[in-house]
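Have a look at the structure below before the remarks.
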Amino acid sequence: MNILMILIPISLILGGFGLLFFIFTVRTNQYEDPEGDAQRILSGEYDDKPKQ
Amino acid sequence: MTATMRPQISACPACSAAPAAEALAEQAAQKDARIALSLPSIHCSACIVAVEQALKKVPGVESARVNLTLKRATIEAAPEVMPDQLIEVLDKIGYEAHELDAGTLSATQTDRAGRELLMRLAVAGFAMMNVMLLSVSVWSGAADATRDMFHWISAAITLPTIAFSAQPFFRNAWAVLKHGHLNMDVPISLAILLAVVTSLWETTLSGEHAYFDAALALTFFLLAGRYLDHRTRAIARSAAEELAALEVPRAIRIEDGDEVQVPAAQLAIGDIILVRPGGRMPVDGEIVEGHSEIDRSLLTGETLPVFGGPGQGVSAGEVNLTGPLKIRATAVGEETSLHRMADLVAIAESGRSRYTSLADKAAKLYAPGVHILSALSFVGWYLYTFDVRTALNIAAAVLIITCPCALGLAVPAVTTAASGRLFRKGMLIKHSTALERLAQVDTVVFDKTGTLTAGTPELMNLDQVSSRDVSIALALAEGSSHPLSRALVAAARAKGFAPEEVEGVTEVPGYGAKGMWQGREVYLGRAAWVGADPISRTAAWLKVGDETPQAFEFMDKLREGAEQAVASLIAGGKDVYLMSGDTTPAVEEMAARLGIPHWLAEALPADKAARVQAMSAEGKHVLMVGDGLNDTAALAAAHVSISPASALDAARVASDIVLLGGDLSPIGEAVQTAGSAIRRIKENFRIATLYNIIAVPLAVAGLATPLIAALAMSASSITVSLNALRLR
């Protein structure tokens, strides 16, 4: 059962990373235009570099 | 936009304690001239690219970004770039665009409340997944020390998460309880708190069942419902604010011979005000100088412009068409006829706010029921076992299982899907219960001018006029900005006519235009001016020398989709009425053209509202579609109301739904969508009840385990959401 002592912290830390990334995306306004982002991927316009 | 005119940025007192953000927004606004445009007709990736590229080609534009979700473009540009110029560019490539007030928009751009909810939702989701992982191990057989450890870890994750994520529920519940009422948030808060407390107690006693995962799942699902609800409303609200930002009320006051621009609110009785052609009267007054024609359609519904000269009275809201006018203010602010109209609205509106939404009705039945059931099971089990721990555990299980997870999602999931669908069609749902009310509609009342018609005239008898007369009229009309002249030019040019050579064309404000053609005087203008007998239709008359005047007849152009909208409503079994302030022949003709069975002409604003109220009194549910000031009282009196984006501010404020584009055809579809949305909501209530009927007896009997609670909760929430998605 000692393996739990390693696995549980690891799962929490990995999950915590996910949470931090999510908070980062919220702070940088990445959910302002979900429909536009879904449509933009279809256009060849931004293939070389993402539009800022 | 000056700082004083910017509205208060936040709606809640707590948020206004963030002056830093406000200052930042101000700085950004100063650095770059930011222009915001509303684009009601964009819908695809090709539109995004086309609009952005067209805007970027305009000199001075630094960047342009389209937001498809809000159907809006933000443009960073040098200060000399004018929005009108950009609108024209977009119009050329076929996209309708309207200017928005960037100052008002900055208030909605950072949606604090939405972001906060999303953050709480994310934290709850993260914690729920981790605790669920631990709980699954417990359910699948972890025992003794391992189980205790898992429970303790779960507690360590759950407590801070609940403290952070469930705050909105606690706050609402507390606010309601202070006033001695009950709402959905009370059983929610109680269930969450009770679940956490009993689970902690069980954990300290090395008990078998802990409901940490249930408390978190509850928080997560309910927050998801709240967030959906908030997002739908925030989009509607920001767009509604955009519409309000379309008109900035300003007036030009003559002070010692100088023209000074002042906010309309600062005008006083006796001020001399200059109203340029195309401008709207800011106050009630009397013309002291100048001749012109006045468009009163927004106030009265009349399509024919009225002649205006010195001594004549004008009302706030009327539009000056041809010549500059100086008016002396006789009534300002709340005394104007415009404001008296707004008072009518206030009276009518108080009658409508009585509608209770389906969600509120459900909550009223539900909240006391849940509490009683849970209290009864506590008392029952206590009397049966004399063990507080067992009784409390069972009471908590009952609360958790009955807790309105599915109910909390049932309404917002459906309204989000329905509003999203309607928004894509160009309709904006402003009011949260508008969809429910729209579903009940059995009678539809249309206004004519500006609603069924586009407010622009269309030349009707071009084929009956000799080509010589058309060419002369074209030459006379070309220099004028009068709506009839422009319609004449558009129609003649479309048929390929070229203007005759007419010399010395001069426009006589309020009358028409005159010139010299082959040595003869030619006139194009009002019937009385050229010496013709007026006819019932809107007409401009051409007189060549001493010949009999020739009439160019005009009819109001039908708005796009008007025919489909009326046809689909009639096909859907609704009673359709046409009510207008315009003359009887004009209204009768329009009713016949669209196949509307009932019509009412020359209706005063109060008549319209009274008719709508009479219909409501008969038990009918009236949908009013209108745009003018003369409609606002009727709009407010109706069960539910729709106005086009081109409508006056007051009309848009009074209506529940705003049509963003020029097309009327979505109205028929909106009624259908609303109907199916309500069916989905009711289905969702039934699904939620079904789960409760199965799970509650188990809980009351003390047979519920955390596993059963988790299954019932997730299964019902997911079913309800999937059912809502069928609407898309």
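So you can find residues: chains in the structure tokens are A, B, ... in the order shown, residues in each start at 1, and ligands are numbered from 1 in order.
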
Q) Neighbours of stretch 593-610 of chain B within 7 Å (only C-alpha atoms; same-chain residues fewer than 3 positions away dropped), as a list in words? A)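 Once the adjacent positions are removed, what remains is Glu563, Val576, Tyr577, Leu578, Met579, Ser580, Gly581, Asp582, Thr583, Thr584, Val587, Glu589, Met590, Gln613, Ala614, Asn630, Asp631, Ala633, Ala634 and Ala637 of chain B.
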
(Q) What are the residues of chain A lining chain B at 10 Å or less? Count only C-alpha atoms, and put the answer as a ChimeraX atom specification. (A) /A:1,4,8,11-12,15-16,18-20,22-23,26-27,29,31-46,51-52

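Between atom CA of B:Asn684 and atom CA of B:Gly114 lies a distance of 25.0 Å.
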
(Q) Which of stretch 473-509 of chain B end up as strand (DSSP E) when DSSP is run on this backbone - answer as a list of chain:residue names? (A)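 These are the residues in question: B:Glu503, B:Gly504, B:Val505, B:Thr506, B:Glu507, B:Val508.
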